[in-house]
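**Q** My structure is in protein_6.txt, and what it holds is compact mmCIF, C-alpha atoms and all ligand atoms:
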# COMPACT_ATOMS: atom_id res chain seq x y z
CA MET U 1 -3.04 19.18 -5.82
CA SER U 2 -0.27 20.42 -8.12
CA GLN U 3 1.12 17.80 -10.51
CA PRO U 4 0.77 14.52 -8.52
CA LEU U 5 3.75 12.18 -8.28
CA LEU U 6 1.41 9.23 -8.69
CA ASP U 7 -2.02 9.40 -10.25
CA ILE U 8 -4.20 6.28 -10.49
CA GLN U 9 -7.28 6.85 -12.60
CA ASN U 10 -10.26 4.55 -12.69
CA LEU U 11 -8.20 1.37 -12.28
CA SER U 12 -10.08 -1.90 -12.66
CA VAL U 13 -8.47 -5.29 -12.09
CA ARG U 14 -9.97 -8.78 -12.23
CA PHE U 15 -8.66 -12.24 -11.44
CA ARG U 16 -9.58 -15.09 -13.70
CA VAL U 17 -10.77 -18.08 -11.71
CA TYR U 18 -12.57 -21.30 -12.48
CA GLY U 19 -16.00 -20.36 -13.84
CA GLY U 20 -15.43 -16.64 -14.39
CA TYR U 21 -13.77 -13.56 -12.92
CA LEU U 22 -13.28 -12.03 -9.50
CA ARG U 23 -14.01 -8.36 -10.13
CA VAL U 24 -11.66 -7.05 -7.46
CA LEU U 25 -10.69 -3.44 -8.27
CA ASP U 26 -13.63 -1.41 -9.50
CA GLY U 27 -12.52 2.00 -10.77
CA VAL U 28 -9.94 2.96 -8.15
CA ASN U 29 -8.81 6.61 -8.11
CA PHE U 30 -5.83 7.52 -5.96
CA GLN U 31 -3.28 10.35 -6.00
CA VAL U 32 -0.06 11.00 -4.13
CA ALA U 33 1.71 14.38 -4.20
CA PRO U 34 5.52 14.63 -4.19
CA GLN U 35 6.89 14.08 -0.66
CA GLU U 36 3.44 13.33 0.73
CA ARG U 37 2.84 10.65 3.38
CA VAL U 38 -0.38 8.89 2.53
CA GLY U 39 -2.17 6.11 4.40
CA LEU U 40 -4.27 3.38 2.80
CA VAL U 41 -6.76 1.54 4.98
CA GLY U 42 -9.58 -0.94 4.54
CA GLU U 43 -10.68 -4.38 5.64
CA THR U 44 -8.66 -7.41 4.67
CA GLY U 45 -9.22 -8.41 1.04
CA CYS U 46 -10.35 -4.94 -0.10
CA GLY U 47 -7.63 -4.73 -2.76
CA LYS U 48 -4.83 -2.68 -1.17
CA THR U 49 -2.00 -5.02 -2.12
CA THR U 50 -3.50 -5.66 -5.56
CA THR U 51 -3.51 -1.90 -6.26
CA MET U 52 0.14 -1.58 -5.17
CA LYS U 53 1.25 -4.63 -7.17
CA THR U 54 -0.38 -3.15 -10.24
CA ILE U 55 1.61 0.08 -9.76
CA MET U 56 4.85 -1.94 -9.52
CA ARG U 57 3.80 -4.02 -12.55
CA ILE U 58 4.12 -7.22 -10.53
CA LEU U 59 0.48 -8.24 -10.69
CA PRO U 60 0.55 -11.91 -11.74
CA GLN U 61 -1.02 -12.02 -15.22
CA PRO U 62 -2.70 -14.50 -15.46
CA PRO U 63 -4.73 -14.79 -13.30
CA GLY U 64 -4.77 -10.96 -13.02
CA VAL U 65 -6.29 -8.93 -15.85
CA ILE U 66 -6.14 -5.13 -16.01
CA LYS U 67 -9.57 -4.25 -17.33
CA GLY U 68 -9.11 -0.51 -17.56
CA GLY U 69 -7.67 2.66 -16.10
CA LYS U 70 -4.38 4.46 -16.01
CA ILE U 71 -1.41 4.72 -13.68
CA ILE U 72 0.68 7.84 -14.20
CA PHE U 73 3.97 8.10 -12.31
CA LYS U 74 5.97 11.32 -12.79
CA GLY U 75 3.95 12.00 -15.92
CA LYS U 76 4.70 8.55 -17.42
CA ASP U 77 2.09 5.93 -18.22
CA VAL U 78 3.20 2.95 -16.09
CA LEU U 79 0.91 0.40 -17.75
CA GLY U 80 2.35 1.32 -21.16
CA MET U 81 6.04 1.19 -20.11
CA GLU U 82 8.57 -1.11 -21.81
CA SER U 83 10.09 -3.73 -19.51
CA TRP U 84 13.41 -1.82 -19.23
CA GLU U 85 11.52 1.28 -18.08
CA VAL U 86 9.64 -0.77 -15.49
CA GLU U 87 12.97 -2.20 -14.30
CA ARG U 88 14.42 1.31 -13.96
CA MET U 89 11.35 2.55 -12.11
CA ARG U 90 11.62 -0.31 -9.61
CA ARG U 91 15.37 0.01 -9.16
CA ARG U 92 15.64 3.78 -8.95
CA GLU U 93 12.32 5.46 -8.34
CA VAL U 94 9.78 3.35 -6.47
CA ALA U 95 10.56 0.99 -3.60
CA MET U 96 8.14 -1.46 -2.09
CA ILE U 97 8.24 -3.20 1.27
CA PHE U 98 6.14 -6.31 0.86
CA GLN U 99 3.59 -7.68 3.25
CA ASP U 100 5.13 -11.14 2.88
CA PRO U 101 8.90 -10.76 3.37
CA THR U 102 9.78 -14.35 2.50
CA ALA U 103 8.33 -13.98 -1.00
CA ALA U 104 10.42 -10.85 -1.62
CA LEU U 105 13.85 -12.46 -1.02
CA ASN U 106 15.58 -14.84 -3.38
CA PRO U 107 16.42 -18.03 -1.43
CA VAL U 108 19.49 -18.97 -3.53
CA PHE U 109 21.48 -15.74 -3.07
CA THR U 110 23.06 -14.41 0.10
CA ILE U 111 21.70 -11.23 1.66
CA GLY U 112 24.95 -9.51 0.62
CA GLU U 113 24.57 -10.54 -3.03
CA GLN U 114 20.98 -9.26 -3.09
CA LEU U 115 21.86 -5.99 -1.39
CA PHE U 116 24.93 -5.33 -3.59
CA ASP U 117 22.86 -6.01 -6.66
CA ALA U 118 20.12 -3.56 -5.62
CA ILE U 119 22.65 -0.86 -4.69
CA ARG U 120 24.61 -1.34 -7.93
CA TYR U 121 21.50 -0.86 -10.08
CA ALA U 122 20.27 2.10 -8.08
CA THR U 123 23.60 3.95 -8.08
CA GLY U 124 25.13 2.83 -11.40
CA LYS U 125 28.29 1.57 -9.60
CA GLU U 126 30.34 -1.36 -10.94
CA GLU U 127 30.70 -4.75 -9.28
CA SER U 128 34.36 -3.85 -8.72
CA ASP U 129 33.32 -1.00 -6.37
CA HIS U 130 33.08 -3.63 -3.69
CA ARG U 131 34.09 -1.33 -0.85
CA PHE U 132 31.37 1.21 -1.66
CA LEU U 133 28.71 -1.49 -2.07
CA ARG U 134 29.69 -3.10 1.22
CA GLU U 135 29.64 0.21 3.10
CA VAL U 136 26.16 1.13 1.82
CA ALA U 137 24.86 -2.40 2.50
CA ILE U 138 26.19 -2.44 6.07
CA ARG U 139 24.74 1.01 6.76
CA ALA U 140 21.35 -0.13 5.41
CA LEU U 141 21.37 -3.18 7.71
CA GLU U 142 22.42 -1.06 10.68
CA GLU U 143 19.59 1.40 10.01
CA VAL U 144 17.04 -1.38 10.52
CA ALA U 145 18.70 -2.37 13.79
CA LEU U 146 20.06 -5.73 12.63
CA PRO U 147 22.91 -6.94 14.84
CA ASP U 148 26.21 -8.03 13.25
CA PRO U 149 25.53 -6.80 9.70
CA ALA U 150 28.85 -8.14 8.37
CA ARG U 151 27.76 -11.68 9.22
CA ILE U 152 24.25 -11.16 7.85
CA LEU U 153 25.72 -10.22 4.47
CA THR U 154 27.06 -13.79 4.20
CA ASN U 155 23.77 -15.43 5.26
CA TYR U 156 21.09 -16.94 3.03
CA PRO U 157 17.48 -15.89 3.77
CA ILE U 158 16.72 -19.31 5.29
CA GLN U 159 19.37 -18.71 7.97
CA LEU U 160 17.45 -15.72 9.37
CA SER U 161 14.33 -15.51 11.51
CA GLY U 162 11.07 -14.19 10.01
CA GLY U 163 11.49 -10.84 11.76
CA MET U 164 15.12 -10.53 10.57
CA ARG U 165 14.04 -11.31 7.01
CA GLN U 166 11.46 -8.57 7.16
CA ARG U 167 14.09 -6.09 8.32
CA VAL U 168 16.39 -7.20 5.51
CA CYS U 169 13.57 -6.47 3.03
CA ILE U 170 13.21 -3.00 4.48
CA ALA U 171 16.97 -2.48 4.19
CA LEU U 172 16.81 -3.64 0.56
CA ALA U 173 14.02 -1.17 -0.21
CA LEU U 174 15.65 1.74 1.55
CA ALA U 175 19.37 1.19 0.87
CA CYS U 176 19.30 3.85 -1.87
CA PRO U 177 17.18 7.00 -2.32
CA LYS U 178 13.85 6.59 -4.11
CA GLU U 179 11.04 9.04 -4.81
CA LEU U 180 8.19 6.86 -3.62
CA LEU U 181 8.10 4.14 -1.00
CA ILE U 182 5.18 1.74 -0.84
CA ALA U 183 5.15 0.17 2.60
CA ASP U 184 2.61 -2.65 2.74
CA GLU U 185 2.13 -3.48 6.43
CA PRO U 186 5.78 -2.84 7.33
CA GLY U 187 6.79 -4.57 10.51
CA THR U 188 3.65 -6.61 11.04
CA SER U 189 5.67 -9.68 11.98
CA LEU U 190 7.90 -7.66 14.31
CA ASP U 191 7.34 -6.75 17.92
CA VAL U 192 5.81 -3.34 18.59
CA THR U 193 9.02 -1.61 19.65
CA ILE U 194 10.79 -2.66 16.45
CA GLN U 195 7.71 -1.73 14.42
CA ASP U 196 7.88 1.72 15.94
CA GLN U 197 11.60 1.94 15.08
CA ILE U 198 10.83 0.97 11.49
CA LEU U 199 8.15 3.65 11.19
CA ARG U 200 10.54 6.23 12.62
CA LEU U 201 13.19 5.13 10.14
CA ILE U 202 10.74 5.42 7.24
CA ASN U 203 9.69 8.84 8.48
CA ARG U 204 13.26 10.09 8.85
CA LEU U 205 14.35 8.79 5.45
CA ALA U 206 11.19 10.21 3.85
CA GLU U 207 12.13 13.65 5.18
CA GLU U 208 15.86 13.43 4.41
CA ARG U 209 15.34 12.06 0.91
CA LYS U 210 12.20 14.05 0.10
CA MET U 211 10.45 10.75 -0.54
CA ALA U 212 6.69 10.23 -0.75
CA VAL U 213 5.31 7.26 1.21
CA ILE U 214 2.19 5.13 0.82
CA LEU U 215 1.69 3.38 4.15
CA ILE U 216 -0.73 0.46 4.29
CA SER U 217 -1.68 -0.60 7.79
CA HIS U 218 -4.50 -2.26 9.67
CA SER U 219 -3.55 -0.17 12.67
CA LEU U 220 -5.54 3.06 12.51
CA GLY U 221 -3.36 4.45 15.30
CA VAL U 222 -0.28 4.01 13.09
CA ILE U 223 -2.09 5.71 10.19
CA ARG U 224 -3.20 8.62 12.38
CA ASP U 225 0.31 9.17 13.74
CA TRP U 226 2.34 8.74 10.57
CA THR U 227 0.37 10.07 7.61
CA GLU U 228 -0.89 13.40 6.30
CA ARG U 229 -3.71 12.08 4.14
CA VAL U 230 -5.76 8.89 4.19
CA TRP U 231 -7.52 6.87 1.51
CA VAL U 232 -10.17 4.42 2.63
CA MET U 233 -10.92 1.40 0.42
CA TYR U 234 -13.90 -0.89 0.60
CA ALA U 235 -14.26 -3.97 -1.63
CA GLY U 236 -12.09 -2.68 -4.45
CA THR U 237 -13.35 0.91 -4.45
CA VAL U 238 -12.15 4.12 -2.81
CA VAL U 239 -14.93 5.31 -0.52
CA GLU U 240 -13.32 8.30 1.18
CA GLU U 241 -10.20 10.45 1.08
CA ALA U 242 -9.26 13.29 3.40
CA ARG U 243 -6.54 14.98 5.40
CA THR U 244 -5.73 12.56 8.22
CA GLN U 245 -6.89 14.85 11.04
CA GLU U 246 -10.10 15.66 9.20
CA LEU U 247 -10.87 12.01 8.51
CA PHE U 248 -10.42 10.97 12.12
CA ALA U 249 -12.32 13.99 13.46
CA GLN U 250 -15.20 13.75 11.00
CA PRO U 251 -15.46 10.53 9.01
CA LEU U 252 -18.22 10.89 6.42
CA HIS U 253 -18.69 7.54 4.71
CA PRO U 254 -20.80 5.05 6.73
CA TYR U 255 -18.04 2.46 6.17
CA THR U 256 -15.32 4.76 7.53
CA GLN U 257 -17.53 5.66 10.49
CA ALA U 258 -18.01 1.97 11.28
CA LEU U 259 -14.29 1.22 10.75
CA LEU U 260 -13.25 3.95 13.21
CA LYS U 261 -15.77 2.69 15.76
CA CYS U 262 -14.04 -0.71 15.66
CA VAL U 263 -10.88 0.73 17.25
CA PRO U 264 -10.71 -0.44 20.86
CA LYS U 265 -10.72 2.56 23.19
CA LEU U 266 -8.73 2.90 26.40
CA THR U 267 -11.61 4.79 27.99
CA GLY U 268 -13.42 1.76 29.36
CA GLU U 269 -16.04 1.77 26.60
CA GLY U 270 -14.77 -1.62 25.51
CA ILE U 271 -14.54 -2.95 21.99
CA ALA U 272 -17.23 -2.00 19.47
CA GLU U 273 -19.20 -4.78 17.81
CA GLY U 274 -17.55 -4.45 14.43
CA ILE U 275 -19.25 -4.00 11.09
CA PRO U 276 -22.16 -6.41 10.56
CA GLY U 277 -21.91 -8.55 7.45
CA ARG U 278 -18.73 -9.23 5.53
CA ILE U 279 -16.85 -8.04 2.47
CA PRO U 280 -18.82 -9.03 -0.65
CA ASP U 281 -18.12 -11.87 -2.99
CA TYR U 282 -16.04 -10.52 -5.87
CA PHE U 283 -17.52 -13.14 -8.16
CA ASP U 284 -20.85 -11.37 -8.08
CA PRO U 285 -20.32 -8.05 -6.27
CA PRO U 286 -23.29 -5.87 -5.23
CA SER U 287 -24.50 -3.43 -7.88
CA GLY U 288 -24.21 0.32 -7.30
CA CYS U 289 -22.31 1.12 -4.11
CA ARG U 290 -20.56 -2.07 -3.05
CA PHE U 291 -21.15 -1.20 0.62
CA HIS U 292 -24.92 -0.86 0.32
CA PRO U 293 -25.88 -4.33 1.65
CA ARG U 294 -24.08 -3.52 4.92
CA CYS U 295 -25.02 0.15 5.12
CA PRO U 296 -27.47 1.33 7.80
CA TYR U 297 -28.36 4.43 5.70
CA ARG U 298 -28.92 2.77 2.32
CA MET U 299 -31.39 4.34 -0.09
CA ALA U 300 -32.93 3.04 -3.31
CA ILE U 301 -30.29 4.74 -5.50
CA CYS U 302 -27.43 3.00 -3.65
CA SER U 303 -28.09 -0.35 -5.34
CA GLN U 304 -28.73 1.25 -8.74
CA GLU U 305 -25.78 3.59 -9.32
CA LYS U 306 -22.16 3.73 -8.31
CA PRO U 307 -21.57 6.98 -6.38
CA ARG U 308 -18.78 9.20 -7.62
CA LEU U 309 -16.51 11.06 -5.19
CA TYR U 310 -18.29 14.18 -3.94
CA GLY U 311 -16.13 16.63 -2.14
CA THR U 312 -14.40 19.70 -0.92
CA PRO U 313 -10.73 20.18 -1.88
CA THR U 314 -9.61 18.45 1.33
CA HIS U 315 -12.27 15.77 1.77
CA HIS U 316 -13.93 13.45 -0.75
CA VAL U 317 -16.55 10.80 -0.16
CA ALA U 318 -18.25 8.32 -2.49
CA CYS U 319 -21.71 8.27 -0.95
CA PHE U 320 -25.13 9.48 -2.11
CA LEU U 321 -25.82 10.87 1.38
CA TYR U 322 -23.53 13.76 0.42
CA GLN U 323 -24.66 14.16 -3.17
CA GLU U 324 -26.58 17.40 -2.63
CA GLU U 325 -24.43 19.27 -0.16
CA ARG U 326 -21.15 18.42 -1.90
CA LYS U 327 -21.94 18.83 -5.55
N1 LIG B 401 -3.46 -14.12 -7.55
C1 LIG B 401 -4.74 -14.02 -7.17
N2 LIG B 401 -5.69 -14.86 -7.68
C2 LIG B 401 -6.98 -14.75 -7.33
N3 LIG B 401 -7.46 -13.83 -6.46
C3 LIG B 401 -6.57 -12.98 -5.91
C4 LIG B 401 -5.17 -13.03 -6.23
N4 LIG B 401 -4.54 -12.04 -5.54
C5 LIG B 401 -5.50 -11.44 -4.81
N5 LIG B 401 -6.71 -11.98 -5.04
C6 LIG B 401 -7.99 -11.58 -4.43
O1 LIG B 401 -8.14 -10.19 -4.52
C7 LIG B 401 -8.76 -9.67 -3.35
C8 LIG B 401 -7.92 -8.51 -2.82
O2 LIG B 401 -6.70 -9.01 -2.31
P1 LIG B 401 -5.56 -8.07 -1.74
O3 LIG B 401 -4.38 -8.93 -1.41
O4 LIG B 401 -5.33 -6.95 -2.68
O5 LIG B 401 -6.25 -7.51 -0.41
P2 LIG B 401 -5.66 -6.57 0.73
O6 LIG B 401 -6.55 -5.38 0.86
O7 LIG B 401 -4.21 -6.33 0.51
O8 LIG B 401 -5.89 -7.48 2.03
P3 LIG B 401 -5.00 -7.66 3.35
O9 LIG B 401 -5.35 -6.51 4.24
O10 LIG B 401 -5.45 -8.97 3.93
O11 LIG B 401 -3.56 -7.68 2.95
C9 LIG B 401 -8.92 -10.83 -2.39
O12 LIG B 401 -10.25 -11.27 -2.45
C10 LIG B 401 -7.97 -11.88 -2.93
O13 LIG B 401 -8.45 -13.17 -2.67
MG MG B 402 -2.51 -6.85 1.50
Have the structure of the file written as structure tokens, please.
**A**
Amino acid sequence: MSQPLLDIQNLSVRFRVYGGYLRVLDGVNFQVAPQERVGLVGETGCGKTTTMKTIMRILPQPPGVIKGGKIIFKGKDVLGMESWEVERMRRREVAMIFQDPTAALNPVFTIGEQLFDAIRYATGKEESDHRFLREVAIRALEEVALPDPARILTNYPIQLSGGMRQRVCIALALACPKELLIADEPGTSLDVTIQDQILRLINRLAEERKMAVILISHSLGVIRDWTERVWVMYAGTVVEEARTQELFAQPLHPYTQALLKCVPKLTGEGIAEGIPGRIPDYFDPPSGCRFHPRCPYRMAICSQEKPRLYGTPTHHVACFLYQEERK
């Protein structure tokens, strides 16, 4: 990859809890090229949202502790930024659509006030440019298919339904051009047709604005249709990364293979059994490869050493099964 837009190197994050630490992220590596559409998948609790919150510098600290690693965005060290630089990055460069839309809106301001504020910061316009702010805000609400945008501008978040609030959050994130959009389960609380509209909107804006996108979704169908490259996480580690088509055609990591088998097929084969066992306890995670207790192919080395990513330029896998052939 030429100079990546975002480069996460060996990121480790813990949460302090009663009696010790949850060692959640364990040396995560993750890159996104300019204008690339990347998918991030993995079982619930594997650390997807934690990784994204750390990029946005909104990881709650405490209980969160960044134990090590680097996040480089456009050549700048995000973890070393001053608060005004972080603010600028969030307002002008990186947008995030949150998994939990209610937590992302301020209950004491109207939707209009929150949208005008975001647009003002992103564009450098004054509060007196009311007409401009209103036009951009109404267009943003129309883009996410919200009816009667003029009325919605005067509403408080509590006056809207959950689905409407989620669309408002998407409008807030996408009202102004950004270079990277992090979409954490966008549209999960919306019906499928609206979810599809939202993904189309993200796709169109990504193309028009030359914006890179990180799409987090539990739906592997969504990931296959909307991304160019996929990263697979398991228990706070990246286990595989490949071009989307390649990953779906030939998954290499035993975890990815099992994950893809869990997708219900329309061919009458029924639903696969799922992956035996469950995600490990972060209090005392397995040594070596964190997947080894659940892995049907485990070898002695798997519990002793953490595998690095072995790979070709288009496909990387953290598994000792591929150590020899992919050196
Ligand atoms: N503030 C916190 N305090 C303690 N533990 C936390 C905190 N935030 C997250 N965790 C833990 O970190 C782990 C990873 O959580 P995270 O939200 O990143 O998972 P995720 O991959 O986004 O899952 P999902 O698919 O369900 O959204 C979980 O075990 C979670 O309990
Ligand atoms: Mg999450």
**Q** What gap, in Å, lies between atom CA of U:Lys74 and atom CA of U:Glu207?
**A**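 The value is 19.1 Å.
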**Q** Choose the residue, out of U:Lys210, U:Arg134, U:Lys53, U:Arg91, that has the smallest atom-to-atom separation from U:Arg37; count only C-alpha atoms.
**A**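 With only C-alpha atoms as the atom set, the closest residue is U:Lys210.
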**Q** Around all the atoms of ligand LIG 401 (chain B) listed in the file, with 4 Å of room on each side, what axis-aligned box do you get, giving centre and edge lengths in Å to one decimal, as AutoDock Vina command-line options?
**A**
--center_x -6.9 --center_y -10.1 --center_z -1.7 --size_x 14.8 --size_y 17.5 --size_z 19.9
**Q** Which residues sit within 9 Å of ligand MG 402 (chain B), counting all atoms listed in the file, listed as a ChimeraX atom specification?
**A** /U:44-50,52,98-100,184-185,216-217
**Q** List the neighbours of U:Tyr310 out to 12 Å using all atoms listed in the file; skip same-chain residues closer than 6 positions along the sequence, and give me the result as a ChimeraX atom specification.
**A** /U:238-242,252-253,316-327
**Q** Just want the 7 Å neighbourhood of U:Gln31, counted on only C-alpha atoms, with same-chain residues fewer than 5 positions away dropped. Output as a ChimeraX atom specification.
**A** /U:4,6-8
**Q** In the coordinates of the file, take the point (3.8, 10.2, 0.5) and a cut-off of 7 Å; then, counting all atoms listed in the file, name each qualifying protein, DNA or RNA residue as an MDAnalysis selection string.
**A** chainID U and resid 32:38 180 211:214
**Q** Measuring between all atoms listed in the file, which one of U:Glu43, U:Leu133, U:Pro313, U:Leu190 shows the shortest distance to U:Ile275?
**A**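 Nearest to U:Ile275: U:Glu43.
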**Q** Do you have the atom CA of U:Gln114-atom CA of U:Arg167 distance handy?
**A**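 Result for atom CA of U:Gln114 versus atom CA of U:Arg167: 13.7 Å, one decimal.
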**Q** Would you work out the distance separating atom CA of U:Arg92 from atom CA of U:Gln3, expressed in Å to one decimal?
**A**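 So the answer is 20.2 Å.
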**Q** Hey, what's within 12 Å of U:Leu160 if we count all atoms listed in the file and toss same-chain stuff fewer than 4 positions away? As number ranges by chain, please?
**A** U: 101-102, 105, 107, 110-111, 146-147, 151-156, 164-169
**Q** Excluding stretch 226-230 of chain U and its own-chain neighbours fewer than 3 positions away, which residues fall within 8 Å of it when counting only C-alpha atoms? Please give them as a PyMOL selection string.
**A** chain U and resi 36-41+199+203+215+222-223+241-245+247
**Q** Of the candidates U:Val65, U:Leu201, U:Leu5, U:Leu174, which one gets nearest to ligand LIG 401 (chain B) if we count all atoms listed in the file?
**A**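 When distances to ligand LIG 401 (chain B) are compared using all atoms listed in the file, the smallest one comes from U:Val65.
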**Q** Here is a test: counting only C-alpha atoms, which residue of U:Gly27, U:Asp77, U:Tyr18, U:Ile71 is nearest to U:Met233?
**A**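 For U:Met233, the nearest of the candidates is U:Gly27.
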**Q** Point out the residue among U:Ser303, U:Thr51, U:Ser83, U:Thr312 with the least atom-to-atom distance to ligand LIG 401 (chain B), counting all atoms listed in the file.
**A** U:Thr51
**Q** Would you kindly identify which residues have an atom no farther than 7 Å from (21.1, -1.4, 2.6), using only C-alpha atoms and the file's own coordinates, and write them out as a PyMOL selection string?
**A** chain U and resi 115+136-141+171-172+174-175
**Q** Please provide the set of residues having any atom within 9 Å of U:Arg57, restricted to all atoms listed in the file, with same-chain residues fewer than 5 positions apart removed, written as a list of chain:residue names.
**A**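 Contacts, in chain order: U:Met52, U:Val78, U:Leu79, U:Val86.
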**Q** Considering all atoms listed in the file, state which residue in the set U:Arg120, U:Arg14, U:Arg224, U:Lys76 is at the smallest distance from ligand LIG 401 (chain B).
**A** U:Arg14
**Q** Please produce stretch 227-243 of chain U, completed to N, CA and C atoms, as a CSV table (one decimal), in the coordinates of the input.
**A**
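selection25.csv written:
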chain,number,residue,atom,x,y,z
U,227,THR,N,0.7,9.6,9.0
U,227,THR,CA,0.4,10.1,7.6
U,227,THR,C,-0.3,11.5,7.6
U,228,GLU,N,-0.3,12.1,6.4
U,228,GLU,CA,-0.9,13.4,6.3
U,228,GLU,C,-2.3,13.3,5.7
U,229,ARG,N,-2.4,12.3,4.8
U,229,ARG,CA,-3.7,12.1,4.1
U,229,ARG,C,-4.1,10.6,4.1
U,230,VAL,N,-5.3,10.3,4.1
U,230,VAL,CA,-5.8,8.9,4.2
U,230,VAL,C,-6.7,8.6,3.1
U,231,TRP,N,-6.6,7.4,2.5
U,231,TRP,CA,-7.5,6.9,1.5
U,231,TRP,C,-8.2,5.6,2.1
U,232,VAL,N,-9.5,5.6,2.1
U,232,VAL,CA,-10.2,4.4,2.6
U,232,VAL,C,-10.7,3.6,1.5
U,233,MET,N,-10.4,2.3,1.5
U,233,MET,CA,-10.9,1.4,0.4
U,233,MET,C,-11.9,0.4,1.0
U,234,TYR,N,-13.0,0.2,0.2
U,234,TYR,CA,-13.9,-0.9,0.6
U,234,TYR,C,-14.2,-1.7,-0.6
U,235,ALA,N,-14.0,-3.0,-0.6
U,235,ALA,CA,-14.3,-4.0,-1.6
U,235,ALA,C,-13.9,-3.4,-3.0
U,236,GLY,N,-12.6,-3.1,-3.1
U,236,GLY,CA,-12.1,-2.7,-4.4
U,236,GLY,C,-12.5,-1.3,-4.9
U,237,THR,N,-13.0,-0.5,-4.0
U,237,THR,CA,-13.4,0.9,-4.4
U,237,THR,C,-12.8,1.9,-3.4
U,238,VAL,N,-12.5,3.1,-3.8
U,238,VAL,CA,-12.2,4.1,-2.8
U,238,VAL,C,-13.4,4.8,-2.3
U,239,VAL,N,-13.7,4.7,-1.0
U,239,VAL,CA,-14.9,5.3,-0.5
U,239,VAL,C,-14.7,6.7,0.1
U,240,GLU,N,-13.5,7.0,0.6
U,240,GLU,CA,-13.3,8.3,1.2
U,240,GLU,C,-11.8,8.7,1.1
U,241,GLU,N,-11.6,10.0,1.1
U,241,GLU,CA,-10.2,10.4,1.1
U,241,GLU,C,-10.2,11.8,1.7
U,242,ALA,N,-9.3,12.0,2.7
U,242,ALA,CA,-9.3,13.3,3.4
U,242,ALA,C,-7.9,13.5,4.1
U,243,ARG,N,-7.7,14.7,4.5
U,243,ARG,CA,-6.5,15.0,5.4
U,243,ARG,C,-6.7,14.1,6.6
